[in-house]
file query-v5.txt (compact mmCIF, C-alpha atoms)
# COMPACT_ATOMS: atom_id res chain seq x y z
CA MET A 1 74.69 79.14 -2.07
CA SER A 2 76.31 77.23 0.75
CA GLY A 3 75.44 73.58 0.66
CA PRO A 4 78.42 71.21 0.37
CA LYS A 5 81.23 72.76 -1.64
CA VAL A 6 83.67 70.58 -3.57
CA ASP A 7 86.83 72.17 -5.00
CA THR A 8 90.09 70.93 -6.43
CA ALA A 9 93.12 72.35 -4.61
CA ALA A 10 96.44 73.00 -6.32
CA LEU A 11 99.60 74.84 -5.30
CA ARG A 12 101.04 77.57 -7.45
CA ARG A 13 104.31 76.49 -9.02
CA GLU A 14 106.48 79.00 -7.18
CA ARG A 15 105.01 77.94 -3.83
CA LEU A 16 105.58 74.24 -4.56
CA GLN A 17 109.17 74.99 -5.64
CA LYS A 18 109.86 76.74 -2.32
CA LEU A 19 108.39 73.80 -0.40
CA GLU A 20 110.51 71.34 -2.38
CA GLN A 21 113.62 73.45 -1.81
CA ALA A 22 112.95 73.49 1.95
CA ARG A 23 112.37 69.73 1.94
CA ASN A 24 115.64 69.14 0.08
CA GLN A 25 117.42 71.07 2.83
CA ARG A 26 115.76 68.89 5.46
CA LEU A 27 116.62 65.80 3.43
CA SER A 28 120.29 66.80 3.29
CA LEU A 29 120.40 67.49 7.03
CA ALA A 30 118.60 64.23 7.81
CA GLY A 31 121.24 62.41 5.73
CA GLN A 32 124.03 64.00 7.75
CA ILE A 33 122.35 63.10 11.04
CA GLN A 34 121.72 59.52 9.88
CA SER A 35 125.37 59.22 8.86
CA SER A 36 126.41 60.39 12.33
CA LEU A 37 123.97 57.95 13.90
CA THR A 38 125.47 55.04 11.96
CA GLN A 39 128.95 56.20 12.95
CA VAL A 40 128.01 56.34 16.63
CA GLN A 41 126.33 52.93 16.53
CA ASN A 42 129.45 51.33 15.02
CA CYS A 43 132.11 53.38 16.83
CA LEU A 44 133.17 50.75 19.37
CA GLY A 45 133.81 47.90 16.93
CA GLN A 46 134.91 44.28 17.34
CA GLU A 47 137.90 45.09 19.53
CA PHE A 48 135.52 46.54 22.11
CA GLN A 49 133.50 43.29 22.10
CA LEU A 50 136.72 41.45 22.90
CA ILE A 51 137.64 43.84 25.74
CA LYS A 52 134.16 43.45 27.28
CA GLN A 53 135.01 39.83 28.04
CA ASP A 54 137.42 40.97 30.76
CA ALA A 55 135.22 41.52 33.83
CA SER A 56 137.82 43.80 35.44
CA LEU A 57 137.26 46.34 32.65
CA GLU A 58 133.47 46.37 32.94
CA ALA A 59 133.25 49.84 34.53
CA TYR A 60 135.39 51.39 31.75
CA CYS A 61 133.29 49.65 29.09
CA GLN A 62 130.08 50.92 30.67
CA LYS A 63 131.31 54.52 30.44
CA CYS A 64 131.85 54.10 26.70
CA THR A 65 128.50 52.41 26.07
CA LEU A 66 126.74 55.10 28.13
CA LEU A 67 128.31 57.83 25.98
CA GLN A 68 127.27 55.91 22.88
CA SER A 69 123.65 55.38 23.98
CA GLN A 70 123.20 59.01 25.10
CA CYS A 71 124.48 60.38 21.81
CA GLU A 72 122.42 57.86 19.85
CA LYS A 73 119.28 58.93 21.71
CA GLN A 74 119.91 62.62 21.01
CA LEU A 75 120.60 61.97 17.33
CA LYS A 76 117.39 59.95 16.94
CA LYS A 77 115.42 62.76 18.58
CA MET A 78 117.07 65.28 16.26
CA LEU A 79 116.34 63.10 13.23
CA GLN A 80 112.69 62.81 14.23
CA GLN A 81 112.53 66.58 14.62
CA VAL A 82 113.75 67.07 11.05
CA LYS A 83 111.38 64.39 9.79
CA ASN A 84 108.38 66.10 11.42
CA GLY A 85 109.43 69.58 10.32
CA ASN A 86 108.16 71.73 7.49
CA GLU A 87 109.40 74.77 5.58
CA LEU A 88 109.42 76.82 8.83
CA LEU A 89 111.92 74.56 10.58
CA ASP A 90 115.18 76.32 11.47
CA ILE A 91 117.64 74.10 9.59
CA GLN A 92 120.68 76.20 10.52
CA GLU A 93 120.07 75.93 14.27
CA ILE A 94 119.57 72.16 14.14
CA SER A 95 122.68 71.82 11.99
CA ARG A 96 124.71 73.76 14.55
CA GLU A 97 123.27 71.61 17.35
CA HIS A 98 124.22 68.48 15.39
CA THR A 99 127.80 69.72 14.91
CA ARG A 100 128.18 70.57 18.61
CA LEU A 101 126.79 67.19 19.66
CA MET A 102 129.19 65.21 17.45
CA GLN A 103 132.21 67.29 18.48
CA ASP A 104 131.46 66.70 22.16
CA PHE A 105 130.83 63.00 21.56
CA LYS A 106 134.08 62.46 19.67
CA GLU A 107 136.12 64.26 22.32
CA GLN A 108 134.59 62.33 25.21
CA MET A 109 134.70 58.99 23.39
CA HIS A 110 138.36 59.55 22.46
CA ILE A 111 139.22 60.03 26.13
CA GLY A 112 137.13 57.01 27.19
CA THR A 113 138.52 54.60 24.59
CA ARG A 114 142.11 55.75 25.17
CA VAL A 115 141.85 54.90 28.88
CA LEU A 116 140.12 51.63 28.04
CA ASN A 117 142.74 50.59 25.48
CA ASP A 118 145.54 51.38 27.92
CA LYS A 119 143.90 49.12 30.49
CA ALA A 120 143.34 46.41 27.85
CA GLN A 121 147.03 46.44 26.87
CA ALA A 122 147.93 45.56 30.45
CA SER A 123 145.28 42.81 30.70
CA GLN A 124 146.58 39.25 30.42
CA THR A 125 143.03 38.05 29.80
CA ILE A 126 142.71 40.26 26.72
CA GLN A 127 146.10 39.18 25.40
CA ASN A 128 145.09 35.51 25.72
CA LEU A 129 141.80 36.17 23.94
CA ARG A 130 143.60 37.95 21.10
CA ARG A 131 146.02 35.06 20.65
CA GLU A 132 143.08 32.63 20.55
CA GLN A 133 141.35 34.76 17.92
CA GLU A 134 144.50 34.81 15.80
CA ARG A 135 144.85 31.02 16.11
CA LEU A 136 141.25 30.44 15.03
CA ALA A 137 141.61 32.85 12.10
CA HIS A 138 144.77 31.04 10.96
CA THR A 139 143.06 27.64 11.21
CA ARG A 140 140.08 28.99 9.25
CA LYS A 141 142.39 30.29 6.53
CA ILE A 142 144.10 26.90 6.16
CA ILE A 143 140.77 25.05 5.90
CA ILE A 144 139.51 27.46 3.23
CA GLN A 145 142.75 26.98 1.27
CA ARG A 146 142.14 23.22 1.30
CA MET A 147 138.79 23.81 -0.41
CA THR A 148 140.46 25.78 -3.21
CA GLN A 149 143.45 23.51 -3.78
CA ASP A 150 144.00 19.93 -4.85
CA THR A 151 144.61 17.68 -1.85
CA SER A 152 146.62 14.49 -1.72
CA ALA A 153 144.98 11.21 -0.79
CA GLN A 154 144.20 10.83 2.91
CA ASP A 155 143.10 7.90 5.01
CA ALA A 156 139.33 7.62 5.48
CA ARG A 157 139.27 8.98 9.04
CA THR A 158 141.41 12.02 8.24
CA LEU A 159 139.36 12.70 5.12
CA GLN A 160 136.10 12.50 7.06
CA ASN A 161 137.41 14.99 9.63
CA GLN A 162 138.53 17.36 6.88
CA VAL A 163 135.13 17.21 5.19
CA GLN A 164 133.44 18.01 8.51
CA GLU A 165 135.79 20.96 9.15
CA GLN A 166 135.32 22.31 5.62
CA TYR A 167 131.56 21.98 5.88
CA GLN A 168 131.48 23.93 9.15
CA ILE A 169 133.74 26.70 7.83
CA PHE A 170 131.73 26.89 4.59
CA GLN A 171 128.52 27.23 6.63
CA ASP A 172 130.08 29.97 8.77
CA GLU A 173 131.24 31.85 5.68
CA ILE A 174 127.72 31.83 4.25
CA ALA A 175 126.16 32.86 7.56
CA VAL A 176 128.52 35.84 7.94
CA PHE A 177 127.96 36.89 4.34
CA LEU A 178 124.17 36.76 4.68
CA GLU A 179 124.28 38.75 7.90
CA SER A 180 126.80 41.44 6.99
CA GLU A 181 126.69 42.00 3.23
CA GLU A 182 124.25 44.08 1.19
CA MET A 183 122.39 42.22 -1.54
CA THR A 184 119.09 42.03 -3.36
CA GLY A 185 116.39 39.46 -2.68
CA SER A 186 117.41 37.43 -5.75
CA HIS A 187 121.06 37.50 -4.63
CA ARG A 188 120.03 36.24 -1.22
CA ASN A 189 118.03 33.42 -2.75
CA SER A 190 121.06 32.35 -4.81
CA VAL A 191 123.21 32.18 -1.68
CA LEU A 192 120.53 30.22 0.17
CA LEU A 193 120.38 27.70 -2.69
CA ILE A 194 124.12 27.10 -2.34
CA ARG A 195 123.66 26.58 1.40
CA GLN A 196 120.88 24.11 0.68
CA ASP A 197 123.12 22.22 -1.78
CA LEU A 198 125.87 22.17 0.84
CA ASP A 199 123.57 20.68 3.48
CA GLU A 200 122.31 18.03 1.09
CA LEU A 201 125.85 17.16 0.08
CA MET A 202 127.04 16.89 3.68
CA HIS A 203 124.19 14.62 4.69
CA SER A 204 124.37 12.42 1.61
CA SER A 205 125.66 8.86 1.63
CA LEU A 206 128.50 9.66 -0.76
CA ASP A 207 132.07 8.71 0.10
CA PRO A 208 134.07 11.42 1.93
CA GLU A 209 136.42 11.81 -1.04
CA ILE A 210 133.55 12.46 -3.46
CA ARG A 211 131.89 14.84 -1.02
CA GLN A 212 135.14 16.76 -0.62
CA LYS A 213 135.56 17.18 -4.39
CA ARG A 214 131.97 18.32 -4.82
CA MET A 215 132.29 20.67 -1.87
CA LYS A 216 135.34 22.19 -3.54
CA ARG A 217 133.34 22.82 -6.75
CA LEU A 218 130.45 24.25 -4.71
CA PHE A 219 132.83 26.60 -2.88
CA GLN A 220 134.24 27.81 -6.19
CA GLU A 221 130.69 28.46 -7.38
CA TYR A 222 130.03 30.36 -4.13
CA GLN A 223 133.13 32.54 -4.64
CA LYS A 224 132.02 33.43 -8.19
CA LEU A 225 128.57 34.30 -6.87
CA ILE A 226 130.06 36.60 -4.23
CA MET A 227 132.08 38.43 -6.89
CA LEU A 228 128.94 38.82 -9.02
CA ILE A 229 126.93 40.15 -6.07
CA HIS A 230 129.64 42.68 -5.19
CA THR A 231 129.71 43.87 -8.82
CA ASN A 232 125.92 44.20 -9.03
CA ILE A 233 125.59 45.90 -5.66
CA SER A 234 128.29 48.45 -6.45
CA GLY A 235 126.05 49.63 -9.31
CA MET A 236 122.99 49.80 -7.05
CA LYS A 237 124.41 51.42 -3.91
CA ALA A 238 124.13 54.99 -5.14
CA ILE A 239 120.50 54.44 -6.15
CA TYR A 240 119.66 52.74 -2.86
CA GLU A 241 121.33 55.47 -0.81
CA GLU A 242 119.24 58.06 -2.66
CA TYR A 243 116.13 55.95 -2.07
CA GLN A 244 116.92 55.75 1.66
CA LYS A 245 117.37 59.52 1.88
CA GLU A 246 114.08 60.16 0.08
CA CYS A 247 112.31 57.97 2.65
CA PHE A 248 113.45 60.14 5.58
CA ASP A 249 110.02 61.73 6.05
CA ALA A 250 107.88 58.89 4.71
CA SER A 251 105.15 57.39 6.90
CA ALA A 252 106.62 53.89 6.41
CA PRO A 253 110.33 52.99 6.81
CA ALA A 254 112.49 52.39 3.76
CA LEU A 255 112.56 48.85 2.43
CA LYS A 256 115.77 46.91 2.92
CA LEU A 257 117.96 46.34 -0.10
CA THR A 258 117.28 42.59 0.23
CA GLU A 259 113.58 43.31 -0.44
CA PHE A 260 114.31 44.45 -4.00
CA ALA A 261 114.65 41.79 -6.67
CA SER A 262 116.55 43.92 -9.18
CA LYS A 263 118.06 47.31 -10.01
CA ALA A 264 115.03 48.13 -12.17
CA GLU A 265 112.69 47.49 -9.25
CA LEU A 266 114.81 49.74 -7.02
CA GLU A 267 114.79 52.53 -9.62
CA ALA A 268 110.99 52.28 -9.89
CA ALA A 269 110.69 52.50 -6.10
CA LEU A 270 112.88 55.63 -6.07
CA LEU A 271 110.69 57.36 -8.65
CA GLY A 272 107.59 56.30 -6.73
CA ILE A 273 108.80 57.63 -3.36
CA LYS A 274 109.80 60.96 -4.95
CA GLU A 275 106.35 61.40 -6.46
CA LYS A 276 104.67 60.39 -3.23
CA ALA A 277 106.81 62.86 -1.26
CA LYS A 278 105.87 65.66 -3.66
CA ASN A 279 102.14 64.91 -3.29
CA HIS A 280 102.42 64.62 0.50
CA LEU A 281 104.29 67.92 0.67
CA ALA A 282 101.51 69.70 -1.23
CA GLN A 283 98.74 67.99 0.72
CA GLU A 284 100.17 68.82 4.15
CA TYR A 285 100.74 72.43 3.14
CA ILE A 286 97.15 72.73 1.89
CA ARG A 287 95.79 71.30 5.14
CA ARG A 288 97.92 73.60 7.28
CA GLN A 289 96.81 76.66 5.32
CA ILE A 290 93.16 75.67 5.68
CA ASP A 291 93.75 75.26 9.44
CA GLU A 292 95.28 78.72 9.71
CA VAL A 293 92.66 80.46 7.57
CA MET A 294 89.82 78.83 9.49
CA ALA A 295 91.49 79.74 12.80
CA LYS A 296 91.80 83.34 11.60
CA HIS A 297 88.02 83.45 11.29
CA GLY A 298 87.55 81.94 14.74
CA TYR A 299 87.04 78.32 13.69
CA ASP A 300 89.36 76.08 15.73
CA VAL A 301 89.87 72.36 15.15
CA ILE A 302 87.65 70.18 17.34
CA ARG A 303 89.77 67.61 19.16
CA SER A 304 89.34 64.15 17.66
CA ASP A 305 88.95 62.57 21.12
CA MET A 306 85.78 64.64 21.60
CA LEU A 307 84.08 62.83 18.71
CA GLU A 308 82.13 59.59 18.95
CA GLU A 309 82.54 58.88 15.26
CA VAL A 310 85.95 57.97 13.91
CA ASN A 311 86.80 60.49 11.21
CA ALA A 312 88.29 59.40 7.93
CA SER A 313 91.87 60.40 7.27
CA GLY A 314 92.00 63.98 6.01
CA GLN A 315 88.69 64.98 7.61
CA VAL A 316 88.63 67.83 10.15
CA LEU A 317 85.86 69.61 12.07
CA TYR A 318 86.15 73.34 12.77
CA GLY A 319 83.86 74.60 15.53
CA VAL A 320 81.51 77.47 14.61
CA ASP A 321 79.59 77.54 17.90
CA GLU A 322 78.51 75.04 20.55
CA GLY A 323 76.22 73.19 18.18
CA THR A 324 77.70 73.78 14.71
CA ALA A 325 80.91 73.02 12.84
CA ILE A 326 82.42 73.20 9.37
CA ASN A 327 83.37 69.72 8.15
CA VAL A 328 86.38 69.90 5.80
CA PHE A 329 87.71 66.85 3.99
CA VAL A 330 90.91 66.87 1.91
CA SER A 331 91.31 63.73 -0.19
CA ASP A 332 94.57 62.16 -1.33
CA GLU A 333 93.89 63.76 -4.72
CA ASN A 334 93.63 67.18 -3.01
CA GLN A 335 89.89 67.46 -3.50
CA VAL A 336 88.51 69.76 -0.80
CA THR A 337 84.96 69.33 0.46
CA MET A 338 83.42 71.82 2.92
CA ARG A 339 80.00 71.53 4.53
CA VAL A 340 78.13 72.73 7.60
CA VAL A 341 77.28 70.04 10.18
CA GLY A 342 75.67 69.95 13.60
CA ILE A 343 77.48 68.64 16.68
CA GLY A 344 76.02 67.43 19.96
CA PHE A 345 75.47 64.52 22.33
CA ASP A 346 73.30 62.63 19.81
CA THR A 347 72.79 62.43 16.05
CA ALA A 348 69.09 63.29 16.04
CA VAL A 349 68.32 66.65 14.38
CA SER A 350 65.42 68.47 16.03
CA GLU A 351 63.15 70.84 14.14
CA ALA A 352 64.89 73.85 15.70
CA GLU A 353 68.32 72.45 14.89
CA ASP A 354 67.21 71.71 11.34
CA GLU A 355 66.32 75.36 10.81
CA ARG A 356 69.48 76.60 12.58
CA LEU A 357 71.75 74.40 10.45
CA PHE A 358 70.00 75.66 7.32
CA GLN A 359 70.64 79.25 8.41
CA GLN A 360 74.29 78.38 9.09
CA GLN A 361 74.54 76.98 5.55
CA CYS A 362 73.30 80.32 4.26
CA ALA A 363 75.72 82.22 6.52
CA PHE A 364 78.67 80.19 5.28
CA CYS A 365 77.82 81.37 1.77
CA SER A 366 79.34 84.80 2.44
CA MET A 367 82.37 83.31 4.19
CA HIS A 368 83.46 80.77 1.55
CA PRO A 369 84.64 83.26 -1.13
CA GLN A 370 86.78 84.99 1.50
CA ILE A 371 88.33 81.63 2.51
CA VAL A 372 89.09 80.91 -1.15
CA LYS A 373 90.69 84.34 -1.55
CA GLU A 374 92.87 83.99 1.55
CA LEU A 375 94.02 80.52 0.54
CA SER A 376 94.98 81.93 -2.86
CA MET A 377 97.11 84.56 -1.13
CA ARG A 378 98.94 81.66 0.55
CA GLY A 379 99.60 79.91 -2.76
CA VAL A 380 96.65 77.48 -2.61
CA GLU A 381 94.25 77.76 -5.55
CA LEU A 382 90.75 76.26 -5.17
CA GLN A 383 89.03 75.47 -8.48
CA ALA A 384 85.27 75.04 -8.10
CA LYS A 385 84.10 71.55 -8.96
CA LYS A 386 80.64 71.31 -7.40
CA HIS A 387 78.96 73.96 -5.23
CA MET A 388 75.51 73.02 -3.91
CA PRO A 389 72.91 75.61 -2.75
CA PRO A 390 71.64 75.54 0.86
CA ASP A 391 69.14 72.76 1.51
CA LYS A 392 67.88 71.11 4.67
CA LYS A 393 68.50 67.70 3.07
CA PHE A 394 72.23 68.31 3.67
CA ASN A 395 71.73 68.76 7.42
CA LYS A 396 73.69 66.22 9.44
CA LYS A 397 74.70 65.94 13.08
CA ILE A 398 77.91 64.40 14.46
CA LYS A 399 77.93 62.99 17.99
CA THR A 400 80.47 64.33 20.52
CA ARG A 401 81.52 63.02 23.95
CA ALA A 402 81.67 66.42 25.63
CA LYS A 403 81.31 70.11 24.90
CA SER A 404 84.09 71.13 22.58
CA GLU A 405 83.89 74.91 22.59
CA SER A 406 86.40 75.44 25.42
CA GLU A 407 88.54 72.39 24.56
CA SER A 408 89.06 72.78 20.82
CA ARG A 409 92.42 73.96 19.53
CA SER A 410 94.43 74.04 16.32
CA ARG A 411 95.70 70.78 14.87
CA SER A 412 99.20 72.12 14.46
CA ARG A 413 99.52 72.80 18.21
CA LYS A 414 98.06 69.43 19.06
CA GLU A 415 100.54 67.61 16.83
CA LEU A 416 103.48 69.42 18.38
CA LYS A 417 102.35 68.40 21.88
CA GLN A 418 101.72 64.80 20.86
CA GLN A 419 105.18 64.51 19.35
CA ASP A 420 106.66 66.06 22.55
CA LYS A 421 109.11 68.10 20.59
CA LYS A 422 110.33 71.65 20.43
CA VAL A 423 110.30 72.96 16.88
CA MET A 424 112.58 75.89 16.26
CA TYR A 425 111.31 78.54 13.85
CA ARG A 426 113.14 81.26 12.02
CA SER A 427 112.79 84.62 13.67
call {"tool": "encode", "arguments": {"input": "query-v5.txt", "output": "structure tokens"}}
result
Amino acid sequence: MSGPKVDTAALRRERLQKLEQARNQRLSLAGQIQSSLTQVQNCLGQEFQLIKQDASLEAYCQKCTLLQSQCEKQLKKMLQQVKNGNELLDIQEISREHTRLMQDFKEQMHIGTRVLNDKAQASQTIQNLRREQERLAHTRKIIIQRMTQDTSAQDARTLQNQVQEQYQIFQDEIAVFLESEEMTGSHRNSVLLIRQDLDELMHSSLDPEIRQKRMKRLFQEYQKLIMLIHTNISGMKAIYEEYQKECFDASAPALKLTEFASKAELEAALLGIKEKAKNHLAQEYIRRQIDEVMAKHGYDVIRSDMLEEVNASGQVLYGVDEGTAINVFVSDENQVTMRVVGIGFDTAVSEAEDERLFQQQCAFCSMHPQIVKELSMRGVELQAKKHMPPDKKFNKKIKTRAKSESESRSRSRKELKQQDKKVMYRS
């Protein structure tokens, strides 16, 4: 019988364990590359931003930023290579390439920043900017101290000016905290509520003295909130870092920490992404093995751009001859459906095609057990769920844009070309 065949695919435990071990190696390497990427992106720091303000040092600054951008680009490419890899990826070679890249970058950046800093030390413009920064930081510190200490009575004008200064510094403190600190969504909402209270207080009709006292209490509340956030986040960082690492090969980027309302929600997301990664790992391996087994028997993947119909995710056509293909669909639950279909420039099935497709159904009968056996040898077990006998009622034709016989090729080769990458395999 060789009508549509529906099977449930599962990986043998030892095969899945090897795939998971290989993924863990890629995960570890991806974490190292991401750490280097973060280091490169932050290597120049605030002092560099100050130096950039001296136009006479522009050429030296450009050399440093060029080194930074080139290394960043190479690291991102390397990270994408690891993300797209599978158990055949040569982890050792990429790791060595990563080490060489970072060593070269650090040496060149050390030379570049040393020259730049020497020039900056001799720049009067930079020295003036530094002094101005120090003055502003000192003024900011004094104003913050006023909000945490009891102040003696002031005349109305002086008091009004102090309230305005304290309000502006308080606003700046909140803005910097929101931009630079890690926190959950609920933490962020708490900080935003304090900012809202501050705005309402500042624009109220209360006397300056009353506003100053209430602002002092609000600032104390803000400081307690910051301490609470730091305490909570310290207990979540390890979990979030693990969550980020597990997302390295996910189809969607990792959520930001601010998008989680609580530690419990973050823990649930970590468990979810691990389970999803495990399922994806098995599914991709199953699909690749089907590709290779079908190719071994002369059935190459028909390019998706040759088809008029848009295939569902997980559905692939393997060309048998100019007018026939094997339609294979792998669901998210790893249910595998195989059936013979016609292909051509229209969807109408002529009488001759109807008979030919029926004969192809019969011919596929002898091939299917061999495909099942070869998949089993690769660690993929197909358990029969529903095997239908040949019947002309199953005949179907899929419309193509052009002849596919000479243009079809394996999906794995197509993906490598689309990603424009060079994957290194173990010899």
call {"tool": "residues_around", "arguments": {"input": "query-v5.txt", "residues": "region 19-27 of chain A", "least_positions_apart": "6", "cutoff": "12 Å", "atoms": "all atoms listed in the file", "output": "PyMOL selection string"}}
result
chain A and resi 11-13+33-34+78-92+94-95+242-250+274-275+277-286+379
call {"tool": "atom_distance", "arguments": {"input": "query-v5.txt", "atom1": "CA of Met183 (chain A)", "atom2": "CA of Glu221 (chain A)"}}
result
17.1 Å
call {"tool": "closest_residue", "arguments": {"input": "query-v5.txt", "among": "A:Ile169, A:Ala238, A:Leu178, A:Ala10", "to": "Arg378 (chain A)", "atoms": "all atoms listed in the file"}}
result
A:Ala10
call {"tool": "closest_residue", "arguments": {"input": "query-v5.txt", "among": "A:Lys256, A:Lys77, A:Lys276, A:Lys396", "to": "Ala325 (chain A)", "atoms": "only C-alpha atoms"}}
result
A:Lys396
call {"tool": "residues_around", "arguments": {"input": "query-v5.txt", "residues": "Ala295 (chain A)", "least_positions_apart": "3", "cutoff": "10 Å", "atoms": "all atoms listed in the file", "output": "list in words"}}
result
Gln289, Ile290, Asp291, Glu292, Gly298, Tyr299, Asp300, Val301, Tyr318, Gly319, Arg409 and Ser410 of chain A
call {"tool": "residues_around", "arguments": {"input": "query-v5.txt", "residues": "Leu66 (chain A)", "least_positions_apart": "6", "cutoff": "12 Å", "atoms": "all atoms listed in the file", "output": "PyMOL selection string"}}
result
chain A and resi 40-41+44+59-60+72-73+105+108-109+112
call {"tool": "atom_distance", "arguments": {"input": "query-v5.txt", "atom1": "CA of Asp7 (chain A)", "atom2": "CA of Asn327 (chain A)"}}
result
13.8 Å
call {"tool": "residues_around", "arguments": {"input": "query-v5.txt", "residues": "Ile226 (chain A)", "least_positions_apart": "2", "cutoff": "12 Å", "atoms": "all atoms listed in the file", "output": "compact mmCIF listing (two decimals) with C-alpha atoms, in the coordinates of the input"}}
result
# COMPACT_ATOMS: atom_id res chain seq x y z
CA GLU A 173 131.24 31.85 5.68
CA ILE A 174 127.72 31.83 4.25
CA PHE A 177 127.96 36.89 4.34
CA LEU A 178 124.17 36.76 4.68
CA GLU A 181 126.69 42.00 3.23
CA GLU A 182 124.25 44.08 1.19
CA MET A 183 122.39 42.22 -1.54
CA HIS A 187 121.06 37.50 -4.63
CA ARG A 188 120.03 36.24 -1.22
CA SER A 190 121.06 32.35 -4.81
CA VAL A 191 123.21 32.18 -1.68
CA ILE A 194 124.12 27.10 -2.34
CA PHE A 219 132.83 26.60 -2.88
CA GLN A 220 134.24 27.81 -6.19
CA GLU A 221 130.69 28.46 -7.38
CA TYR A 222 130.03 30.36 -4.13
CA GLN A 223 133.13 32.54 -4.64
CA LYS A 224 132.02 33.43 -8.19
CA LEU A 228 128.94 38.82 -9.02
CA ILE A 229 126.93 40.15 -6.07
CA HIS A 230 129.64 42.68 -5.19
CA THR A 231 129.71 43.87 -8.82
CA ASN A 232 125.92 44.20 -9.03
CA ILE A 233 125.59 45.90 -5.66
call {"tool": "closest_residue", "arguments": {"input": "query-v5.txt", "among": "A:Glu333, A:Glu374, A:Gly185, A:Pro4", "to": "Phe358 (chain A)", "atoms": "all atoms listed in the file"}}
result
A:Pro4
call {"tool": "residues_around", "arguments": {"input": "query-v5.txt", "residues": "region 158-163 of chain A", "least_positions_apart": "3", "cutoff": "12 Å", "atoms": "all atoms listed in the file", "output": "PyMOL selection string"}}
result
chain A and resi 140+142-147+151-155+166-170+198+201-203+206-216
call {"tool": "closest_residue", "arguments": {"input": "query-v5.txt", "among": "A:Ser366, A:Thr400, A:Glu259, A:Pro390", "to": "Thr347 (chain A)", "atoms": "all atoms listed in the file"}}
result
A:Thr400
call {"tool": "closest_residue", "arguments": {"input": "query-v5.txt", "among": "A:Arg288, A:Leu193, A:Lys397, A:Gly3", "to": "Gln360 (chain A)", "atoms": "all atoms listed in the file"}}
result
A:Gly3
call {"tool": "atom_distance", "arguments": {"input": "query-v5.txt", "atom1": "CA of Lys106 (chain A)", "atom2": "CA of Arg130 (chain A)"}}
result
26.3 Å
call {"tool": "closest_residue", "arguments": {"input": "query-v5.txt", "among": "A:Lys399, A:Lys373, A:Arg195, A:Arg100", "to": "Gly323 (chain A)", "atoms": "only C-alpha atoms"}}
result
A:Lys399
call {"tool": "residues_near_point", "arguments": {"input": "query-v5.txt", "point": "(137.3, 42.6, 27.2)", "cutoff": "9 Å", "atoms": "all atoms listed in the file", "output": "PyMOL selection string"}}
result
chain A and resi 47-58+61+120+123+125-126+129
call {"tool": "build_atoms", "arguments": {"input": "query-v5.txt", "residues": "region 193-204 of chain A", "atoms": "N, CA and C atoms", "output": "short mmCIF file (atom, residue, chain, number, x, y, z; two decimals), in the coordinates of the input"}}
result
data_model
loop_
_atom_site.label_atom_id
_atom_site.label_comp_id
_atom_site.auth_asym_id
_atom_site.auth_seq_id
_atom_site.Cartn_x
_atom_site.Cartn_y
_atom_site.Cartn_z
N LEU A 193 120.38 28.94 -1.90
CA LEU A 193 120.38 27.70 -2.69
C LEU A 193 121.71 26.97 -2.56
N ILE A 194 122.80 27.73 -2.53
CA ILE A 194 124.12 27.10 -2.34
C ILE A 194 124.19 26.47 -0.95
N ARG A 195 123.66 27.16 0.04
CA ARG A 195 123.66 26.58 1.40
C ARG A 195 122.82 25.31 1.44
N GLN A 196 121.72 25.31 0.73
CA GLN A 196 120.88 24.11 0.68
C GLN A 196 121.62 22.96 0.01
N ASP A 197 122.32 23.26 -1.09
CA ASP A 197 123.12 22.22 -1.78
C ASP A 197 124.22 21.69 -0.86
N LEU A 198 124.81 22.58 -0.08
CA LEU A 198 125.87 22.17 0.84
C LEU A 198 125.33 21.22 1.91
N ASP A 199 124.18 21.55 2.46
CA ASP A 199 123.57 20.68 3.48
C ASP A 199 123.23 19.31 2.91
N GLU A 200 122.66 19.30 1.72
CA GLU A 200 122.31 18.03 1.09
C GLU A 200 123.55 17.20 0.80
N LEU A 201 124.61 17.87 0.36
CA LEU A 201 125.85 17.16 0.08
C LEU A 201 126.44 16.57 1.36
N MET A 202 126.44 17.35 2.42
CA MET A 202 127.04 16.89 3.68
C MET A 202 126.29 15.71 4.26
N HIS A 203 124.99 15.69 4.10
CA HIS A 203 124.19 14.62 4.69
C HIS A 203 123.87 13.49 3.71
N SER A 204 124.57 13.51 2.58
CA SER A 204 124.37 12.42 1.61
C SER A 204 125.17 11.19 2.02
#
